[in-house]
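Heads up, input.cif below (mmCIF, C-alpha atoms):
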```cif
data_final
#
loop_
_atom_site.label_atom_id
_atom_site.label_comp_id
_atom_site.auth_asym_id
_atom_site.auth_seq_id
_atom_site.Cartn_x
_atom_site.Cartn_y
_atom_site.Cartn_z
CA MET I 1 -5.29 -9.43 -16.07
CA LYS I 2 -6.02 -10.32 -12.44
CA PHE I 3 -5.84 -7.69 -9.69
CA ALA I 4 -5.67 -7.92 -5.92
CA LEU I 5 -6.48 -4.74 -3.97
CA MET I 6 -5.82 -3.86 -0.36
CA ILE I 7 -7.61 -1.01 1.39
CA ASN I 8 -6.13 0.03 4.71
CA GLY I 9 -7.87 3.36 5.29
CA GLY I 10 -11.25 3.97 6.89
CA PRO I 11 -14.22 5.11 4.80
CA TYR I 12 -14.40 8.62 6.25
CA THR I 13 -10.77 9.34 7.01
CA SER I 14 -9.54 9.64 3.44
CA GLN I 15 -10.35 9.12 -0.20
CA GLY I 16 -8.42 5.85 -0.39
CA ALA I 17 -11.39 3.48 -0.46
CA ASN I 18 -13.08 5.64 -3.11
CA SER I 19 -9.97 5.48 -5.28
CA ALA I 20 -9.85 1.72 -4.89
CA TYR I 21 -13.50 1.48 -5.92
CA GLY I 22 -12.95 3.73 -8.95
CA PHE I 23 -10.01 1.59 -9.98
CA ALA I 24 -11.94 -1.66 -9.53
CA VAL I 25 -14.87 -0.42 -11.62
CA ALA I 26 -12.56 0.75 -14.41
CA ALA I 27 -10.58 -2.50 -14.37
CA LEU I 28 -13.74 -4.61 -14.58
CA ALA I 29 -15.06 -2.41 -17.39
CA GLN I 30 -11.93 -3.24 -19.37
CA GLY I 31 -12.52 -6.95 -18.92
CA HIS I 32 -9.95 -7.45 -16.18
CA GLU I 33 -10.62 -9.50 -13.09
CA VAL I 34 -10.58 -8.15 -9.53
CA LEU I 35 -9.93 -11.32 -7.58
CA ARG I 36 -10.14 -9.96 -4.10
CA VAL I 37 -10.37 -6.73 -2.13
CA PHE I 38 -8.70 -7.18 1.25
CA PHE I 39 -9.68 -4.73 3.98
CA TYR I 40 -6.82 -4.30 6.42
CA GLY I 41 -6.07 -1.94 9.29
CA ASP I 42 -8.70 0.80 9.54
CA GLY I 43 -9.93 -0.41 6.15
CA VAL I 44 -12.11 -2.92 8.00
CA TYR I 45 -14.51 -0.06 8.88
CA ASN I 46 -15.54 0.05 5.20
CA ALA I 47 -17.60 -3.08 5.86
CA MET I 48 -19.80 -1.70 8.65
CA ARG I 49 -23.40 -2.63 7.84
CA ASP I 50 -25.09 0.28 9.60
CA MET I 51 -23.27 3.13 7.90
CA ARG I 52 -25.90 5.65 6.83
CA PRO I 53 -24.35 8.43 4.76
CA PRO I 54 -26.65 11.34 3.87
CA ALA I 55 -28.87 10.66 0.88
CA ASP I 56 -26.88 12.96 -1.41
CA GLU I 57 -23.64 11.12 -0.70
CA PRO I 58 -22.88 8.04 -2.82
CA PRO I 59 -22.77 5.00 -0.51
CA LEU I 60 -19.57 3.11 -1.15
CA LEU I 61 -20.78 0.08 0.79
CA THR I 62 -23.48 -0.82 -1.72
CA GLY I 63 -20.95 -0.23 -4.48
CA TRP I 64 -18.68 -2.93 -3.07
CA GLN I 65 -21.61 -5.29 -2.59
CA ALA I 66 -22.63 -4.77 -6.21
CA LEU I 67 -19.11 -5.61 -7.41
CA ALA I 68 -19.22 -8.80 -5.35
CA ASP I 69 -22.66 -9.71 -6.73
CA ARG I 70 -22.07 -8.91 -10.36
CA HIS I 71 -18.40 -9.63 -10.81
CA GLY I 72 -17.58 -12.14 -8.10
CA VAL I 73 -15.14 -9.81 -6.37
CA ASP I 74 -14.17 -11.50 -3.10
CA LEU I 75 -14.55 -8.95 -0.27
CA VAL I 76 -12.44 -10.05 2.69
CA ILE I 77 -12.00 -8.32 6.03
CA CYS I 78 -8.85 -9.17 7.96
CA SER I 79 -9.87 -11.06 11.09
CA ALA I 80 -6.99 -9.79 13.23
CA ALA I 81 -7.61 -6.16 12.22
CA ALA I 82 -11.37 -6.57 12.79
CA GLU I 83 -10.96 -8.17 16.21
CA ARG I 84 -8.36 -5.62 17.26
CA ARG I 85 -10.91 -2.86 16.52
CA GLY I 86 -13.98 -4.60 17.88
CA VAL I 87 -15.56 -4.76 14.43
CA LEU I 88 -15.84 -8.47 15.09
CA GLY I 89 -16.07 -9.77 18.63
CA ILE I 90 -13.76 -12.62 19.56
CA GLY I 91 -15.65 -15.78 18.70
CA GLU I 92 -18.56 -13.76 17.35
CA ASP I 93 -20.40 -15.06 14.31
CA VAL I 94 -20.09 -12.69 11.34
CA GLY I 95 -23.86 -12.78 10.90
CA ASP I 96 -24.31 -11.45 14.44
CA SER I 97 -21.73 -8.71 13.99
CA GLY I 98 -22.06 -5.28 12.42
CA ILE I 99 -20.37 -6.49 9.26
CA ALA I 100 -22.39 -6.03 6.09
CA GLU I 101 -23.57 -8.79 3.82
CA GLY I 102 -21.23 -9.69 1.00
CA PHE I 103 -18.08 -9.44 3.11
CA ARG I 104 -16.35 -12.35 4.76
CA VAL I 105 -13.77 -12.42 7.52
CA ALA I 106 -10.52 -14.31 7.13
CA GLY I 107 -6.84 -14.18 8.02
CA LEU I 108 -3.96 -12.42 6.36
CA GLY I 109 -3.24 -15.67 4.58
CA LEU I 110 -6.00 -14.80 2.12
CA TRP I 111 -4.15 -11.58 1.29
CA VAL I 112 -0.96 -13.51 0.61
CA ASP I 113 -3.02 -15.96 -1.44
CA ALA I 114 -4.45 -13.06 -3.49
CA CYS I 115 -0.94 -11.68 -4.07
CA LEU I 116 0.14 -15.08 -5.38
CA ALA I 117 -2.84 -15.44 -7.70
CA ALA I 118 -2.92 -11.87 -9.04
CA ASP I 119 -0.90 -10.32 -11.86
CA ARG I 120 -0.87 -6.95 -10.11
CA VAL I 121 -1.23 -5.97 -6.47
CA LEU I 122 -2.32 -2.48 -5.38
CA VAL I 123 -2.53 -0.94 -1.93
CA PHE I 124 -4.86 2.02 -1.31
CA HIS I 125 -3.83 3.84 1.84
CA GLY I 126 -5.98 5.81 4.21
CA MET P 127 10.68 -4.18 -15.84
CA ALA P 128 9.25 -1.10 -14.23
CA VAL P 129 7.45 0.15 -11.17
CA LEU P 130 4.38 2.41 -11.00
CA HIS P 131 4.60 4.67 -7.95
CA ILE P 132 1.29 6.05 -6.64
CA VAL P 133 1.21 9.14 -4.42
CA LYS P 134 -1.96 10.47 -2.78
CA HIS P 135 -0.86 13.27 -0.45
CA SER P 136 -0.21 16.89 -1.31
CA PRO P 137 3.41 18.02 -0.92
CA ASP P 138 2.42 20.13 2.09
CA ALA P 139 0.58 17.38 3.94
CA SER P 140 3.25 14.74 3.58
CA GLN P 141 6.81 14.12 2.45
CA ALA P 142 5.58 11.12 0.47
CA LEU P 143 5.85 12.78 -2.94
CA ARG P 144 9.39 14.03 -2.34
CA ARG P 145 10.41 10.68 -0.84
CA CYS P 146 8.89 8.83 -3.78
CA LEU P 147 10.47 10.99 -6.49
CA ALA P 148 13.92 10.32 -5.01
CA ARG P 149 13.44 6.57 -5.52
CA VAL P 150 12.00 6.51 -9.04
CA GLY P 151 13.98 4.60 -11.67
CA PRO P 152 14.31 5.65 -15.33
CA SER P 153 11.74 3.14 -16.61
CA ASP P 154 9.33 3.83 -13.70
CA SER P 155 6.31 6.14 -13.62
CA VAL P 156 4.62 8.18 -10.91
CA LEU P 157 0.83 8.57 -10.73
CA LEU P 158 -0.55 11.41 -8.65
CA ILE P 159 -4.04 10.79 -7.25
CA GLU P 160 -6.30 12.34 -4.60
CA ASP P 161 -4.65 15.36 -2.93
CA ALA P 162 -1.38 14.71 -4.75
CA VAL P 163 -2.98 16.27 -7.85
CA TYR P 164 -2.47 19.64 -6.15
CA ALA P 165 1.26 19.20 -6.84
CA PRO P 166 1.15 19.64 -10.65
CA ALA P 167 -1.40 22.45 -10.21
CA SER P 168 1.18 24.36 -8.20
CA ASP P 169 4.81 25.15 -8.82
CA ALA P 170 5.93 22.06 -6.88
CA ALA P 171 9.21 20.67 -8.16
CA LEU P 172 8.18 17.53 -10.01
CA ARG P 173 11.45 16.18 -11.24
CA CYS P 174 12.33 12.50 -11.25
CA ALA P 175 13.99 9.88 -13.43
CA GLY P 176 10.66 8.56 -14.76
CA LYS P 177 7.40 9.88 -16.17
CA ILE P 178 4.73 11.65 -14.13
CA TYR P 179 0.97 11.28 -14.56
CA ALA P 180 -1.96 12.89 -12.75
CA LEU P 181 -5.47 11.47 -12.36
CA LEU P 182 -7.92 13.74 -14.20
CA PRO P 183 -11.11 12.92 -12.26
CA ASP P 184 -9.36 13.83 -9.00
CA MET P 185 -8.22 17.10 -10.60
CA ALA P 186 -11.69 17.86 -11.93
CA ALA P 187 -13.22 17.22 -8.49
CA ARG P 188 -10.89 19.88 -7.13
CA GLY P 189 -11.52 22.34 -9.93
CA LEU P 190 -7.97 21.92 -11.21
CA THR P 191 -6.91 22.05 -14.82
CA ARG P 192 -3.73 21.15 -16.66
CA ASN P 193 -0.90 23.46 -15.68
CA PRO P 194 1.07 24.54 -18.77
CA LEU P 195 4.05 25.24 -16.51
CA GLN P 196 4.20 21.54 -15.65
CA GLY P 197 4.66 20.46 -19.26
CA ASP P 198 6.15 17.06 -18.45
CA VAL P 199 3.08 15.86 -16.59
CA GLU P 200 0.65 13.64 -18.49
CA TYR P 201 -2.98 13.11 -17.57
CA VAL P 202 -5.09 9.95 -17.32
CA ASP P 203 -8.63 9.00 -16.35
CA TYR P 204 -9.43 5.80 -14.39
CA ALA P 205 -9.19 3.73 -17.58
CA GLY P 206 -5.71 5.19 -18.09
CA PHE P 207 -4.90 4.42 -14.44
CA VAL P 208 -5.74 0.76 -15.14
CA GLN P 209 -3.60 0.84 -18.29
CA LEU P 210 -0.64 2.24 -16.33
CA VAL P 211 -0.95 -0.60 -13.83
CA VAL P 212 -1.08 -3.12 -16.67
CA ASN P 213 1.94 -1.56 -18.38
CA HIS P 214 4.13 -1.65 -15.27
CA ASP P 215 5.25 -4.87 -13.61
CA LYS P 216 4.34 -3.77 -10.11
CA VAL P 217 2.89 -0.94 -8.13
CA ILE P 218 3.95 0.76 -4.92
CA SER P 219 1.75 3.21 -3.03
CA TRP P 220 3.54 5.84 -0.96
CA ASN P 221 1.68 6.59 2.25
CA MET G 222 -3.82 -21.99 -0.08
CA ALA G 223 -6.71 -22.31 -2.47
CA GLU G 224 -4.86 -20.96 -5.46
CA GLY G 225 -1.61 -19.48 -6.66
CA MET G 226 0.74 -22.13 -5.33
CA ASN G 227 3.58 -20.72 -7.39
CA GLY G 228 6.11 -18.86 -5.29
CA LYS G 229 6.65 -15.13 -5.57
CA ARG G 230 9.35 -12.90 -4.15
CA PHE G 231 7.82 -10.37 -1.76
CA LEU G 232 9.49 -7.08 -0.91
CA PHE G 233 7.99 -5.12 1.98
CA VAL G 234 8.89 -1.44 2.16
CA LEU G 235 8.63 -0.24 5.76
CA ARG G 236 8.34 3.52 6.21
CA ARG G 237 6.26 3.92 9.36
CA PHE G 238 7.24 5.02 12.83
CA PRO G 239 7.22 2.06 15.24
CA ILE G 240 5.05 3.40 18.05
CA GLY G 241 2.90 6.33 16.88
CA GLY G 242 0.34 4.12 15.14
CA PRO G 243 -0.52 0.48 14.47
CA GLN G 244 0.66 0.59 10.85
CA ALA G 245 4.23 -0.56 11.45
CA LEU G 246 3.03 -3.57 13.40
CA GLU G 247 0.33 -4.44 10.86
CA ALA G 248 2.84 -4.20 7.99
CA LEU G 249 5.24 -6.55 9.79
CA ASP G 250 2.35 -8.92 10.49
CA ALA G 251 1.69 -9.09 6.76
CA ALA G 252 5.37 -9.72 6.02
CA LEU G 253 5.53 -12.52 8.58
CA THR G 254 2.36 -14.06 7.13
CA ALA G 255 3.86 -14.09 3.64
CA ALA G 256 6.95 -15.77 5.08
CA ALA G 257 4.76 -18.28 6.91
CA PHE G 258 3.33 -19.19 3.50
CA ASP G 259 6.86 -20.15 2.46
CA GLN G 260 7.28 -17.19 0.16
CA PRO G 261 10.69 -15.52 -0.05
CA VAL G 262 10.27 -12.26 1.87
CA ARG G 263 12.65 -9.32 2.05
CA LEU G 264 12.37 -6.12 4.05
CA LEU G 265 13.53 -2.63 3.09
CA PHE G 266 13.46 0.11 5.73
CA LEU G 267 13.14 3.64 4.35
CA ASP G 268 12.60 7.10 5.80
CA ASP G 269 11.01 7.09 9.27
CA GLY G 270 10.73 3.31 9.06
CA VAL G 271 14.37 3.09 10.15
CA TRP G 272 13.25 4.18 13.64
CA GLN G 273 11.70 0.72 14.00
CA LEU G 274 15.24 -0.61 14.19
CA LYS G 275 16.55 1.81 16.82
CA ARG G 276 18.24 0.03 19.70
CA GLY G 277 17.12 0.82 23.23
CA GLN G 278 13.36 0.65 22.72
CA PRO G 279 12.00 -1.28 25.67
CA ALA G 280 10.36 -4.48 24.56
CA ALA G 281 6.71 -3.52 24.90
CA SER G 282 4.51 -6.07 26.52
CA GLY G 283 3.07 -8.36 23.90
CA ARG G 284 3.43 -7.61 20.22
CA SER G 285 5.45 -4.68 18.97
CA PRO G 286 7.60 -4.00 15.90
CA MET G 287 10.60 -4.39 18.23
CA ALA G 288 9.52 -7.85 19.35
CA LEU G 289 8.68 -9.00 15.82
CA LEU G 290 11.97 -7.74 14.39
CA GLY G 291 13.81 -9.71 17.04
CA SER G 292 12.22 -12.89 15.77
CA LEU G 293 12.76 -12.50 12.01
CA ALA G 294 14.97 -15.59 11.90
CA LEU G 295 12.14 -17.71 13.32
CA TYR G 296 9.97 -16.68 10.43
CA ASP G 297 12.48 -17.47 7.73
CA ILE G 298 12.66 -13.88 6.47
CA ALA G 299 15.75 -13.09 4.42
CA ALA G 300 18.32 -11.58 6.74
CA PRO G 301 19.75 -9.09 7.17
CA PRO G 302 17.09 -6.61 6.00
CA TRP G 303 17.99 -3.65 3.81
CA VAL G 304 18.22 -0.15 5.19
CA GLU G 305 18.79 2.94 3.08
CA ARG G 306 21.96 4.81 4.03
CA GLU G 307 20.49 8.28 3.51
CA SER G 308 17.46 7.45 5.65
CA LEU G 309 19.84 6.66 8.52
CA GLU G 310 22.07 9.68 7.92
CA GLU G 311 19.16 12.14 7.74
CA ARG G 312 18.14 10.96 11.21
CA GLY G 313 21.61 10.89 12.72
CA LEU G 314 21.53 7.11 13.06
CA THR G 315 24.34 4.65 12.43
CA PRO G 316 24.06 0.90 11.82
CA GLN G 317 25.70 0.40 15.23
CA GLU G 318 22.67 1.96 16.90
CA LEU G 319 20.29 -0.56 15.37
CA THR G 320 18.93 -3.55 17.20
CA ILE G 321 19.63 -6.05 14.43
CA GLU G 322 22.24 -6.48 11.74
CA VAL G 323 21.30 -4.78 8.47
CA THR G 324 22.55 -4.40 4.91
CA VAL G 325 23.05 -0.71 4.17
CA LEU G 326 22.18 0.40 0.66
CA ALA G 327 22.56 3.79 -1.03
CA ARG G 328 19.50 5.74 -2.18
CA ASP G 329 20.47 5.51 -5.83
CA ARG G 330 20.25 1.72 -5.55
CA VAL G 331 16.72 1.70 -4.13
CA ALA G 332 14.88 1.97 -7.46
CA ALA G 333 16.61 -1.18 -8.73
CA LEU G 334 15.82 -3.03 -5.51
CA LEU G 335 12.13 -2.06 -5.72
CA ASP G 336 12.11 -3.56 -9.20
CA ASP G 337 13.78 -6.78 -8.06
CA CYS G 338 10.76 -8.60 -6.65
CA ASP G 339 7.41 -10.01 -7.76
CA VAL G 340 5.14 -8.43 -5.16
CA LEU G 341 5.99 -4.97 -3.88
CA LEU G 342 4.14 -3.82 -0.77
CA ASN G 343 4.21 -0.64 1.29
CA LEU G 344 1.34 -1.01 3.74
#
```
Could you write out this structure as structure tokens?
Amino acid sequence: MKFALMINGGPYTSQGANSAYGFAVAALAQGHEVLRVFFYGDGVYNAMRDMRPPADEPPLLTGWQALADRHGVDLVICSAAAERRGVLGIGEDVGDSGIAEGFRVAGLGLWVDACLAADRVLVFHG
Amino acid sequence: MAVLHIVKHSPDASQALRRCLARVGPSDSVLLIEDAVYAPASDAALRCAGKIYALLPDMAARGLTRNPLQGDVEYVDYAGFVQLVVNHDKVISWN
Amino acid sequence: MAEGMNGKRFLFVLRRFPIGGPQALEALDAALTAAAFDQPVRLLFLDDGVWQLKRGQPAASGRSPMALLGSLALYDIAAPPWVERESLEERGLTPQELTIEVTVLARDRVAALLDDCDVLLNL
């Protein structure tokens, strides 16, 4: 089965992104497909490259990047949400921004597209 | 046809659980995750038209165990969470 | 669209206050985007989300839930949107106090409505 996930909570405001990650890992382990994770609202902060959690805290960022690498999970940050919050400067190249490798920036249309392609759609709130 | 309702807030922090339970249909299910797992650990009124599940890893992280007084609640791990999503036609998360 | 050209019926459940945070606006943005992709989109206002519809909110400069709701017809969103009767009553609101025409629906009908779509979203 194909899943589309939305995360709209920041990484250190709630457990939402962790739940989404736990779900994605379990779904992939069962042979399902996670087509896309769409980071919306404060969820865009999950993609900040320079997050440095203490060493004894599991870094979620590298977890997402590993899912993208190994399972082709498409990690998309909403452009409007990112620009609204200054995560991406207007007209700024993603490579020059603070956005981590493995994530791309695109419009809400890619979320709608994921909803159309997926069998199930889940939202993880902040 | 059925809906899986996901709730993540404790009954004290948010009305989401109460609001959700009022809109659950007879073939629907409710999955309690994150701080919502405090609800079955307490004496919170967990009555609705559908079935209620709680996410075990979120309970374990909080030192919570199955509450015999909440006998209608069933428990799942993340693999069971995935199965619930597969077995329901769609999912709604209650903020 | 790269994939998934088949149409799906979207139902957006709107439960957020209009002003106290960006969530109401960002949820409506998502609904309008789905409509812009020619998908059938319906809106259901529940709980504090009904405050988005309250008449008398000054049109904030630029984008606001108020401004977006006034332009639903432009976006080809199914009108009128659904509003739960009990959500209005609990807040002392009547349909006459709302800024747009709505279809009022009883709470015991909400579960069936939530099931009557292909993509169910509460952002």
- Task: Could you tell me which residues the PyMOL selection byres ((chain G) within 12 of (chain I)) grabs in this file, written as a PyMOL selection string?
- Result: chain G and resi 222-233+242-262+339-344
- Query: Given the file above and the PyMOL selection byres ((chain P and resi 200) around 9), which residues are selected, and can you give them as a count of residues only?
  - Reply: 11
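In this model, the gap between CA of Ala162 (chain P) and CA of Leu67 (chain I) comes to 27.1 Å.
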- List, as a PyMOL selection string, every residue that the PyMOL selection byres ((chain P) within 9 of (chain I)) selects in the file provided. chain P and resi 134+159-161+204-209+211-212+214-221
- Task: Provide as an NGL selection string the residues of chain P at most 6 Å from chain G, counting all atoms listed in the file.
- Result: :P and (149-151)
Suppose we keep C-alpha atoms; can you now write the selection as a CSV table (one decimal), in the frame of the given file?
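The new file part-v8.csv reads:
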```
chain,number,residue,atom,x,y,z
P,149,ARG,CA,13.4,6.6,-5.5
P,150,VAL,CA,12.0,6.5,-9.0
P,151,GLY,CA,14.0,4.6,-11.7
```
- Message: Show me the residues around (-17.2, -8.4, -7.2) - criterion: an atom at most 10 Å away, all atoms listed in the file counted - as a ChimeraX atom specification.
- Response: /I:24-25,28,33-37,63-75,102
- Can you find the residues with an atom no farther than 10 Å from (-14.8, 2.0, 6.2), counting only C-alpha atoms, and report them as number ranges by chain? I: 7-14, 16-17, 39, 42-49, 51, 60-61, 126
- Note on the structure: Taken to one decimal, the CA of Val304 (chain G)-CA of His131 (chain P) distance is 19.5 Å
- Task: Fewer than 2 positions away in the same chain doesn't count, so skip those; otherwise give me all residues within 6 Å of Glu318 (chain G), counting only C-alpha atoms, as JSON, numbers by chain.
- Result: {"G": [276, 315, 316]}
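The interatomic distance for the pair CA of Ala175 (chain P) and CA of Gly189 (chain P) works out to 28.6 Å.
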- Residue contacts of region 95-97 of chain I (12 Å, all atoms listed in the file) excluding same-chain residues fewer than 3 positions away, as a PyMOL selection string: chain I and resi 47-50+82-83+86-92+100-105
- Message: Nearest residue to Val163 (chain P) out of P:Met185, P:Leu130, P:Leu195, P:Leu210, using all atoms listed in the file?
- Response: P:Met185
- Message: Give me the residues near Thr191 (chain P) as JSON, numbers by chain, where near means some atom within 9 Å (using all atoms listed in the file) and where sequence neighbours in that chain fewer than 4 positions away do not count.
- Response: {"P": [167, 182, 185, 186]}
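Distance check against Asn213 (chain P) using all atoms listed in the file: of P:Ser155, P:Tyr164, P:Leu172, P:Ile132, the minimum falls on P:Ser155.
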Block slice region 106-115 of chain I, all heavy atoms, emitted as a tab-separated table (two decimals), in the first residue's frame:
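This went into result-v3.tsv:
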```tsv
chain	number	residue	atom	x	y	z
I	106	ALA	N	8.89	22.60	-2.53
I	106	ALA	CA	7.91	22.66	-3.62
I	106	ALA	C	6.58	23.15	-3.06
I	106	ALA	O	6.42	23.30	-1.85
I	106	ALA	CB	7.75	21.29	-4.27
I	107	GLY	N	5.65	23.40	-3.93
I	107	GLY	CA	4.36	23.96	-3.54
I	107	GLY	C	3.42	22.91	-3.00
I	107	GLY	O	3.67	21.70	-3.05
I	108	LEU	N	2.30	23.42	-2.48
I	108	LEU	CA	1.25	22.55	-1.93
I	108	LEU	C	0.71	21.57	-2.97
I	108	LEU	O	0.11	20.56	-2.61
I	108	LEU	CB	0.09	23.42	-1.45
I	108	LEU	CG	0.08	23.83	0.02
I	108	LEU	CD1	-1.00	24.87	0.24
I	108	LEU	CD2	-0.17	22.60	0.90
I	109	GLY	N	0.91	21.90	-4.24
I	109	GLY	CA	0.44	21.01	-5.29
I	109	GLY	C	1.03	19.61	-5.15
I	109	GLY	O	0.36	18.61	-5.45
I	110	LEU	N	2.26	19.54	-4.64
I	110	LEU	CA	2.89	18.22	-4.47
I	110	LEU	C	2.22	17.44	-3.34
I	110	LEU	O	2.28	16.21	-3.31
I	110	LEU	CB	4.39	18.36	-4.20
I	110	LEU	CG	5.30	18.41	-5.42
I	110	LEU	CD1	6.74	18.13	-5.03
I	110	LEU	CD2	4.86	17.44	-6.51
I	111	TRP	N	1.62	18.15	-2.38
I	111	TRP	CA	0.86	17.46	-1.34
I	111	TRP	C	-0.43	16.89	-1.93
I	111	TRP	O	-0.78	15.73	-1.72
I	111	TRP	CB	0.55	18.40	-0.16
I	111	TRP	CG	-0.42	17.79	0.81
I	111	TRP	CD1	-1.66	18.27	1.11
I	111	TRP	CD2	-0.25	16.60	1.57
I	111	TRP	NE1	-2.27	17.44	2.02
I	111	TRP	CE2	-1.44	16.41	2.31
I	111	TRP	CE3	0.78	15.66	1.67
I	111	TRP	CZ2	-1.62	15.32	3.16
I	111	TRP	CZ3	0.59	14.57	2.52
I	111	TRP	CH2	-0.59	14.42	3.26
I	112	VAL	N	-1.11	17.70	-2.73
I	112	VAL	CA	-2.33	17.22	-3.39
I	112	VAL	C	-1.98	16.02	-4.27
I	112	VAL	O	-2.69	15.01	-4.26
I	112	VAL	CB	-2.98	18.35	-4.20
I	112	VAL	CG1	-4.19	17.83	-4.97
I	112	VAL	CG2	-3.39	19.50	-3.29
I	113	ASP	N	-0.89	16.15	-5.00
I	113	ASP	CA	-0.43	15.07	-5.87
I	113	ASP	C	-0.19	13.78	-5.07
I	113	ASP	O	-0.58	12.69	-5.50
I	113	ASP	CB	0.87	15.54	-6.55
I	113	ASP	CG	1.49	14.46	-7.40
I	113	ASP	OD1	0.89	14.12	-8.43
I	113	ASP	OD2	2.55	13.94	-7.01
I	114	ALA	N	0.42	13.92	-3.89
I	114	ALA	CA	0.67	12.74	-3.04
I	114	ALA	C	-0.65	12.14	-2.56
I	114	ALA	O	-0.80	10.92	-2.50
I	114	ALA	CB	1.55	13.13	-1.86
I	115	CYS	N	-1.61	12.99	-2.22
I	115	CYS	CA	-2.93	12.50	-1.79
I	115	CYS	C	-3.60	11.70	-2.90
I	115	CYS	O	-4.29	10.72	-2.65
I	115	CYS	CB	-3.83	13.66	-1.38
I	115	CYS	SG	-3.31	14.52	0.11
```
